>>> print(open('coords36.txt').read())   # compact mmCIF, C-alpha atoms
# COMPACT_ATOMS: atom_id res chain seq x y z
CA MET A 1 128.03 125.48 80.06
CA ASP A 2 129.67 123.85 83.05
CA MET A 3 126.38 122.24 84.01
CA LEU A 4 126.04 120.45 80.66
CA THR A 5 129.55 118.98 80.88
CA SER A 6 129.05 117.64 84.40
CA PRO A 7 128.78 113.81 84.59
CA GLU A 8 126.73 114.17 87.79
CA PHE A 9 124.20 116.31 85.89
CA TRP A 10 123.66 113.74 83.14
CA LEU A 11 123.60 110.85 85.60
CA ALA A 12 120.86 112.62 87.57
CA VAL A 13 118.95 113.41 84.34
CA GLY A 14 119.03 109.71 83.47
CA GLN A 15 117.80 108.82 86.96
CA ILE A 16 114.94 111.36 86.77
CA ILE A 17 113.81 110.03 83.38
CA MET A 18 113.93 106.43 84.63
CA ILE A 19 112.04 107.35 87.80
CA ASP A 20 109.35 109.11 85.79
CA ILE A 21 109.00 106.11 83.47
CA LEU A 22 108.80 103.65 86.36
CA LEU A 23 106.45 105.73 88.49
CA GLY A 24 104.63 107.26 85.50
CA GLY A 25 102.65 104.17 84.57
CA ASP A 26 99.82 105.54 86.70
CA ASN A 27 99.91 108.75 84.68
CA ALA A 28 99.21 106.83 81.48
CA VAL A 29 96.27 105.03 83.10
CA VAL A 30 94.83 108.24 84.58
CA ILE A 31 95.18 110.11 81.28
CA ALA A 32 93.49 107.30 79.37
CA LEU A 33 90.61 107.05 81.87
CA ALA A 34 90.05 110.80 82.17
CA CYS A 35 90.11 111.43 78.41
CA ARG A 36 88.31 108.32 77.18
CA LYS A 37 84.96 110.09 76.64
CA LEU A 38 86.38 113.07 74.75
CA PRO A 39 85.68 113.31 71.02
CA ASP A 40 88.58 112.04 68.90
CA ALA A 41 89.45 115.58 67.79
CA GLN A 42 89.88 116.72 71.40
CA ARG A 43 91.46 113.61 72.92
CA THR A 44 95.02 114.50 71.89
CA LYS A 45 94.55 118.04 73.23
CA GLY A 46 93.27 116.64 76.53
CA ILE A 47 96.25 114.30 76.83
CA ILE A 48 98.80 117.02 76.02
CA TRP A 49 97.30 119.79 78.19
CA GLY A 50 96.62 117.43 81.08
CA THR A 51 100.19 116.19 81.00
CA ILE A 52 101.67 119.70 80.73
CA GLY A 53 99.55 120.88 83.67
CA ALA A 54 100.59 117.87 85.74
CA ILE A 55 104.28 118.42 84.93
CA VAL A 56 104.13 122.15 85.84
CA LEU A 57 102.43 121.28 89.12
CA ARG A 58 105.09 118.66 89.82
CA VAL A 59 107.92 121.17 89.19
CA VAL A 60 106.34 123.48 91.80
CA LEU A 61 106.01 120.62 94.30
CA ILE A 62 109.60 119.51 93.70
CA PHE A 63 110.83 123.09 94.23
CA PHE A 64 109.29 123.02 97.71
CA ALA A 65 110.63 119.49 98.28
CA LEU A 66 114.18 120.57 97.42
CA THR A 67 113.84 123.50 99.84
CA LEU A 68 112.48 121.30 102.63
CA LEU A 69 115.24 118.72 102.13
CA LYS A 70 117.71 121.30 103.43
CA LEU A 71 116.12 121.01 106.89
CA PRO A 72 117.65 118.50 109.36
CA TYR A 73 116.11 115.01 109.47
CA LEU A 74 113.75 115.56 106.52
CA LYS A 75 116.13 113.75 104.16
CA LEU A 76 116.04 110.80 106.54
CA VAL A 77 112.24 110.81 106.34
CA GLY A 78 112.42 111.14 102.55
CA ALA A 79 114.90 108.26 102.40
CA ILE A 80 112.55 106.00 104.37
CA LEU A 81 109.66 106.93 102.07
CA LEU A 82 111.82 106.26 99.02
CA LEU A 83 112.79 102.83 100.36
CA TRP A 84 109.11 102.02 100.82
CA ILE A 85 108.26 103.26 97.31
CA GLY A 86 111.03 101.09 95.87
CA ILE A 87 109.82 98.06 97.84
CA LYS A 88 106.23 98.61 96.66
CA LEU A 89 107.44 98.52 93.05
CA LEU A 90 108.56 94.93 93.64
CA VAL A 91 105.28 93.82 95.24
CA PRO A 92 102.40 93.11 92.80
CA GLU A 93 99.26 95.20 93.30
CA ASP A 94 95.93 93.37 93.47
CA GLU A 95 93.53 96.25 93.76
CA ASP A 96 92.34 98.69 91.14
CA GLU A 97 93.51 102.09 92.33
CA HIS A 98 91.93 104.00 89.45
CA GLY A 99 88.29 102.97 89.72
CA ASN A 100 87.29 106.41 90.97
CA ILE A 101 88.77 108.35 88.03
CA GLN A 102 85.87 110.13 86.35
CA ALA A 103 85.84 110.52 82.57
CA SER A 104 84.41 113.67 81.01
CA ASP A 105 83.27 114.61 77.51
CA LYS A 106 84.42 118.21 78.12
CA LEU A 107 88.05 119.07 77.31
CA TRP A 108 88.94 121.24 80.31
CA ALA A 109 87.02 119.05 82.74
CA ALA A 110 89.15 116.10 81.56
CA VAL A 111 92.33 118.20 81.85
CA LYS A 112 91.36 119.19 85.42
CA THR A 113 90.78 115.53 86.29
CA VAL A 114 94.23 114.56 84.99
CA ILE A 115 95.94 117.35 86.96
CA LEU A 116 94.08 116.70 90.23
CA ALA A 117 94.60 112.93 90.01
CA ASP A 118 98.30 113.44 89.30
CA LEU A 119 98.57 115.78 92.30
CA VAL A 120 97.18 113.05 94.56
CA MET A 121 99.44 110.37 93.09
CA SER A 122 102.65 112.37 92.61
CA VAL A 123 104.11 112.20 96.13
CA ASP A 124 106.32 109.24 95.19
CA ASN A 125 107.56 110.95 92.00
CA VAL A 126 108.28 114.22 93.81
CA ILE A 127 110.33 112.59 96.57
CA ALA A 128 112.23 110.36 94.16
CA ILE A 129 113.01 113.13 91.66
CA ALA A 130 114.04 115.55 94.42
CA GLY A 131 116.39 112.87 95.76
CA ALA A 132 117.92 112.27 92.32
CA ALA A 133 118.34 116.03 91.75
CA GLU A 134 120.06 116.41 95.12
CA GLY A 135 122.79 114.07 93.86
CA ALA A 136 123.87 116.61 91.26
CA GLY A 137 124.87 119.14 93.92
CA GLY A 138 125.62 122.78 93.29
CA GLY A 139 122.92 124.93 91.74
CA HIS A 140 121.85 122.29 89.25
CA GLN A 141 118.79 120.98 91.04
CA MET A 142 115.95 122.99 89.47
CA PRO A 143 117.41 122.98 85.91
CA LEU A 144 117.78 119.22 86.38
CA VAL A 145 114.20 118.77 87.51
CA ILE A 146 112.78 120.87 84.66
CA PHE A 147 115.02 119.27 82.00
CA GLY A 148 114.35 115.75 83.21
CA LEU A 149 110.58 116.26 83.36
CA LEU A 150 110.46 117.97 79.96
CA VAL A 151 112.31 115.03 78.42
CA SER A 152 109.91 112.64 80.11
CA ILE A 153 106.74 114.31 78.73
CA PRO A 154 106.78 112.52 75.35
CA ILE A 155 107.71 109.31 77.15
CA ILE A 156 104.66 109.60 79.43
CA VAL A 157 102.26 110.73 76.68
CA TRP A 158 103.26 108.43 73.84
CA GLY A 159 105.51 105.79 75.35
CA SER A 160 103.98 104.77 78.67
CA GLN A 161 101.94 101.90 77.26
CA LEU A 162 105.04 100.53 75.50
CA VAL A 163 107.06 100.88 78.70
CA ILE A 164 104.34 99.09 80.70
CA LYS A 165 104.39 96.20 78.20
CA LEU A 166 108.19 96.01 78.44
CA MET A 167 107.95 95.91 82.23
CA ASP A 168 105.44 93.06 82.02
CA ARG A 169 107.73 91.17 79.65
CA PHE A 170 111.00 91.97 81.43
CA PRO A 171 110.34 92.20 85.21
CA LEU A 172 114.06 92.90 85.70
CA ILE A 173 113.37 96.50 84.62
CA ILE A 174 111.07 96.99 87.63
CA THR A 175 113.57 95.30 89.95
CA LEU A 176 116.40 97.57 88.76
CA GLY A 177 114.13 100.61 89.10
CA GLY A 178 113.25 99.69 92.68
CA MET A 179 116.95 99.21 93.47
CA LEU A 180 117.69 102.63 91.91
CA LEU A 181 115.21 104.21 94.35
CA GLY A 182 116.93 102.32 97.18
CA TRP A 183 120.31 103.66 96.02
CA ILE A 184 118.98 107.24 95.98
CA ALA A 185 117.46 106.71 99.45
CA GLY A 186 120.76 105.50 100.89
CA THR A 187 122.78 108.41 99.51
CA MET A 188 120.06 110.91 100.47
CA ALA A 189 120.06 109.76 104.11
CA LEU A 190 123.82 110.19 104.26
CA SER A 191 123.62 113.80 103.07
CA ASP A 192 121.04 114.87 105.66
CA PRO A 193 122.16 118.05 107.50
CA ALA A 194 121.83 116.16 110.79
CA VAL A 195 124.02 113.25 109.60
CA LEU A 196 126.72 114.69 107.34
CA PRO A 197 128.45 116.94 109.95
CA ARG A 198 128.87 113.92 112.26
CA LEU A 199 130.04 111.65 109.47
CA ALA A 200 132.38 114.08 107.74
CA PRO A 201 132.94 117.24 109.83
CA GLY A 202 133.72 120.32 107.75
CA GLN A 203 133.00 118.59 104.42
CA SER A 204 130.19 119.36 101.98
CA ALA A 205 129.78 115.72 100.94
CA ALA A 206 130.29 112.28 102.45
CA PRO A 207 133.49 110.33 101.59
CA ALA A 208 133.12 108.28 98.41
CA LEU A 209 133.30 104.96 100.28
CA TRP A 210 130.45 105.95 102.58
CA HIS A 211 128.44 107.42 99.70
CA TYR A 212 128.61 104.32 97.50
CA GLY A 213 128.29 102.01 100.50
CA ALA A 214 125.05 103.69 101.58
CA GLY A 215 123.74 103.46 98.02
CA VAL A 216 124.50 99.72 97.83
CA VAL A 217 122.89 99.09 101.24
CA GLY A 218 119.74 100.98 100.17
CA ALA A 219 119.52 99.10 96.84
CA LEU A 220 120.00 95.71 98.52
CA ALA A 221 117.46 96.57 101.23
CA VAL A 222 114.81 97.25 98.57
CA LEU A 223 115.69 94.04 96.72
CA VAL A 224 115.64 91.77 99.77
CA VAL A 225 112.57 93.24 101.51
CA GLY A 226 110.68 93.59 98.22
CA ARG A 227 111.35 89.97 97.25
CA LEU A 228 110.32 88.72 100.71
CA MET A 229 107.08 90.73 100.61
CA ALA A 230 106.34 89.56 97.06
CA MET A 231 106.83 85.91 98.09
CA ARG A 232 104.59 86.43 101.13
CA ALA A 233 101.90 88.05 98.96
CA ALA A 234 102.11 85.18 96.46
CA ALA A 235 101.82 82.61 99.27
CA ALA A 236 98.82 84.42 100.78
CA SER A 237 96.96 84.51 97.44
CA ARG A 238 97.16 80.72 96.99
>>> encode(input="coords36.txt", output="C-alpha cells")
Amino acid sequence: MDMLTSPEFWLAVGQIIMIDILLGGDNAVVIALACRKLPDAQRTKGIIWGTIGAIVLRVVLIFFALTLLKLPYLKLVGAILLLWIGIKLLVPEDEDEHGNIQASDKLWAAVKTVILADLVMSVDNVIAIAGAAEGAGGGHQMPLVIFGLLVSIPIIVWGSQLVIKLMDRFPLIITLGGMLLGWIAGTMALSDPAVLPRLAPGQSAAPALWHYGAGVVGALAVLVVGRLMAMRAAAASR
C-alpha cells in the first residue's frame, strides 16, 4: 500500500506512539487506582477493558478534532494549547491530581471509572495526536490515529511503569518529548486554513524552509519557557 511506504506515515506513527507514552503516564496511574480493589482474577480484565474503552473513546474524539482542525484559526488555538502542554511537561507537578479516583471491587464499575477519568484527562493527548496525524497529509489521518493508538495499547498497559521509571532516570526523554510537542505546534499553526493561503498562495503545504523553521521555533519556545518556569518553580519551593 502507498500509505505503508510513505515516510511521513511512519514518522507520524512514531510521533503518536511517543506522545501517548509521554502523556500516557496518567493512564497508568488511573488504571492502577481504579482497579486496585478488584480481585486478582479480574484485575487484568479491568485493565484491558478499561484501556480498550479509553482508546476507542479517544479515536472518536480525535476524529472530531481532525474535522474541526479544518476550520480557520482552530489550528492556531490547537498550536497554542500544544505549546502549553509541552511546557507543562517540563515543569514538575507538586499536587496529586489523582486523589479523587475511586477504586471499585466490581469489574465494570472499575472499567467505567477508567474510561470516564481518561475522557477528562485526554484533551492533551487528543490535540497532540491530531496534530501529529495532520503532518501525514492526504487521507492517512484516521488510519494513522487508529494504528498509532493500537500500537500504544500494550505500551500503556504493560510498559507505562517502566517508561515512567526511565523518565525519572533520564529527564532528557521528557525534555525531548516536550520539544516534539512544540515542533508539532509550530508546523500545525503554519498549516492553518487562515495562515497557509497568505503564506503560500495556491499551495497545499507551506514551503519546506517555513515548515521546518516553524517547527524549530515551536520546539525552542517549549524548551526555553519550560526551563524558565521550572527554575522559577524550584526557586519558589525553597
>>> closest_residue(input="coords36.txt", among="A:Leu83, A:Leu209, A:Leu223, A:Ala236", to="Leu172 of chain A", atoms="only C-alpha atoms")
A:Leu223
>>> residues_around(input="coords36.txt", residues="Val77 of chain A", least_positions_apart="4", cutoff="12 Å", atoms="all atoms listed in the file", output="PDB file with C-alpha atoms, in the coordinates of the input")
ATOM      1  CA  ALA A  65     110.630 119.490  98.280  1.00  0.00           C
ATOM      2  CA  LEU A  68     112.480 121.300 102.630  1.00  0.00           C
ATOM      3  CA  LEU A  69     115.240 118.720 102.130  1.00  0.00           C
ATOM      4  CA  LEU A  71     116.120 121.010 106.890  1.00  0.00           C
ATOM      5  CA  PRO A  72     117.650 118.500 109.360  1.00  0.00           C
ATOM      6  CA  TYR A  73     116.110 115.010 109.470  1.00  0.00           C
ATOM      7  CA  LEU A  81     109.660 106.930 102.070  1.00  0.00           C
ATOM      8  CA  LEU A  82     111.820 106.260  99.020  1.00  0.00           C
ATOM      9  CA  LEU A  83     112.790 102.830 100.360  1.00  0.00           C
ATOM     10  CA  TRP A  84     109.110 102.020 100.820  1.00  0.00           C
ATOM     11  CA  ILE A 127     110.330 112.590  96.570  1.00  0.00           C
ATOM     12  CA  GLY A 131     116.390 112.870  95.760  1.00  0.00           C
ATOM     13  CA  ALA A 185     117.460 106.710  99.450  1.00  0.00           C
ATOM     14  CA  GLY A 186     120.760 105.500 100.890  1.00  0.00           C
ATOM     15  CA  MET A 188     120.060 110.910 100.470  1.00  0.00           C
ATOM     16  CA  ALA A 189     120.060 109.760 104.110  1.00  0.00           C
ATOM     17  CA  LEU A 190     123.820 110.190 104.260  1.00  0.00           C
ATOM     18  CA  ASP A 192     121.040 114.870 105.660  1.00  0.00           C
ATOM     19  CA  ALA A 194     121.830 116.160 110.790  1.00  0.00           C
TER      20      ALA A 194
END
>>> closest_residue(input="coords36.txt", among="A:Trp49, A:Phe147, A:Phe170, A:Trp210", to="Trp10 of chain A", atoms="all atoms listed in the file")
A:Phe147
>>> residues_around(input="coords36.txt", residues="Val222 of chain A", least_positions_apart="5", cutoff="9 Å", atoms="all atoms listed in the file", output="ChimeraX atom specification")
/A:83-88,90,175,178-179,181-183,217,227
>>> write_last_selection(input="coords36.txt", atoms="C-alpha atoms", output="PDB file, keeping the file's coordinate frame")
ATOM      1  CA  LEU A  83     112.790 102.830 100.360  1.00  0.00           C
ATOM      2  CA  TRP A  84     109.110 102.020 100.820  1.00  0.00           C
ATOM      3  CA  ILE A  85     108.260 103.260  97.310  1.00  0.00           C
ATOM      4  CA  GLY A  86     111.030 101.090  95.870  1.00  0.00           C
ATOM      5  CA  ILE A  87     109.820  98.060  97.840  1.00  0.00           C
ATOM      6  CA  LYS A  88     106.230  98.610  96.660  1.00  0.00           C
ATOM      7  CA  LEU A  90     108.560  94.930  93.640  1.00  0.00           C
ATOM      8  CA  THR A 175     113.570  95.300  89.950  1.00  0.00           C
ATOM      9  CA  GLY A 178     113.250  99.690  92.680  1.00  0.00           C
ATOM     10  CA  MET A 179     116.950  99.210  93.470  1.00  0.00           C
ATOM     11  CA  LEU A 181     115.210 104.210  94.350  1.00  0.00           C
ATOM     12  CA  GLY A 182     116.930 102.320  97.180  1.00  0.00           C
ATOM     13  CA  TRP A 183     120.310 103.660  96.020  1.00  0.00           C
ATOM     14  CA  VAL A 217     122.890  99.090 101.240  1.00  0.00           C
ATOM     15  CA  ARG A 227     111.350  89.970  97.250  1.00  0.00           C
TER      16      ARG A 227
END
>>> atom_distance(input="coords36.txt", atom1="atom CA of Ile184 of chain A", atom2="atom CA of Val114 of chain A")
28.1 Å
>>> atom_distance(input="coords36.txt", atom1="atom CA of Ala205 of chain A", atom2="atom CA of Ser191 of chain A")
6.8 Å
>>> atom_distance(input="coords36.txt", atom1="atom CA of Val126 of chain A", atom2="atom CA of Ile21 of chain A")
13.2 Å
>>> closest_residue(input="coords36.txt", among="A:Met142, A:Met167, A:Leu57, A:Ile16", to="Leu116 of chain A", atoms="only C-alpha atoms")
A:Leu57
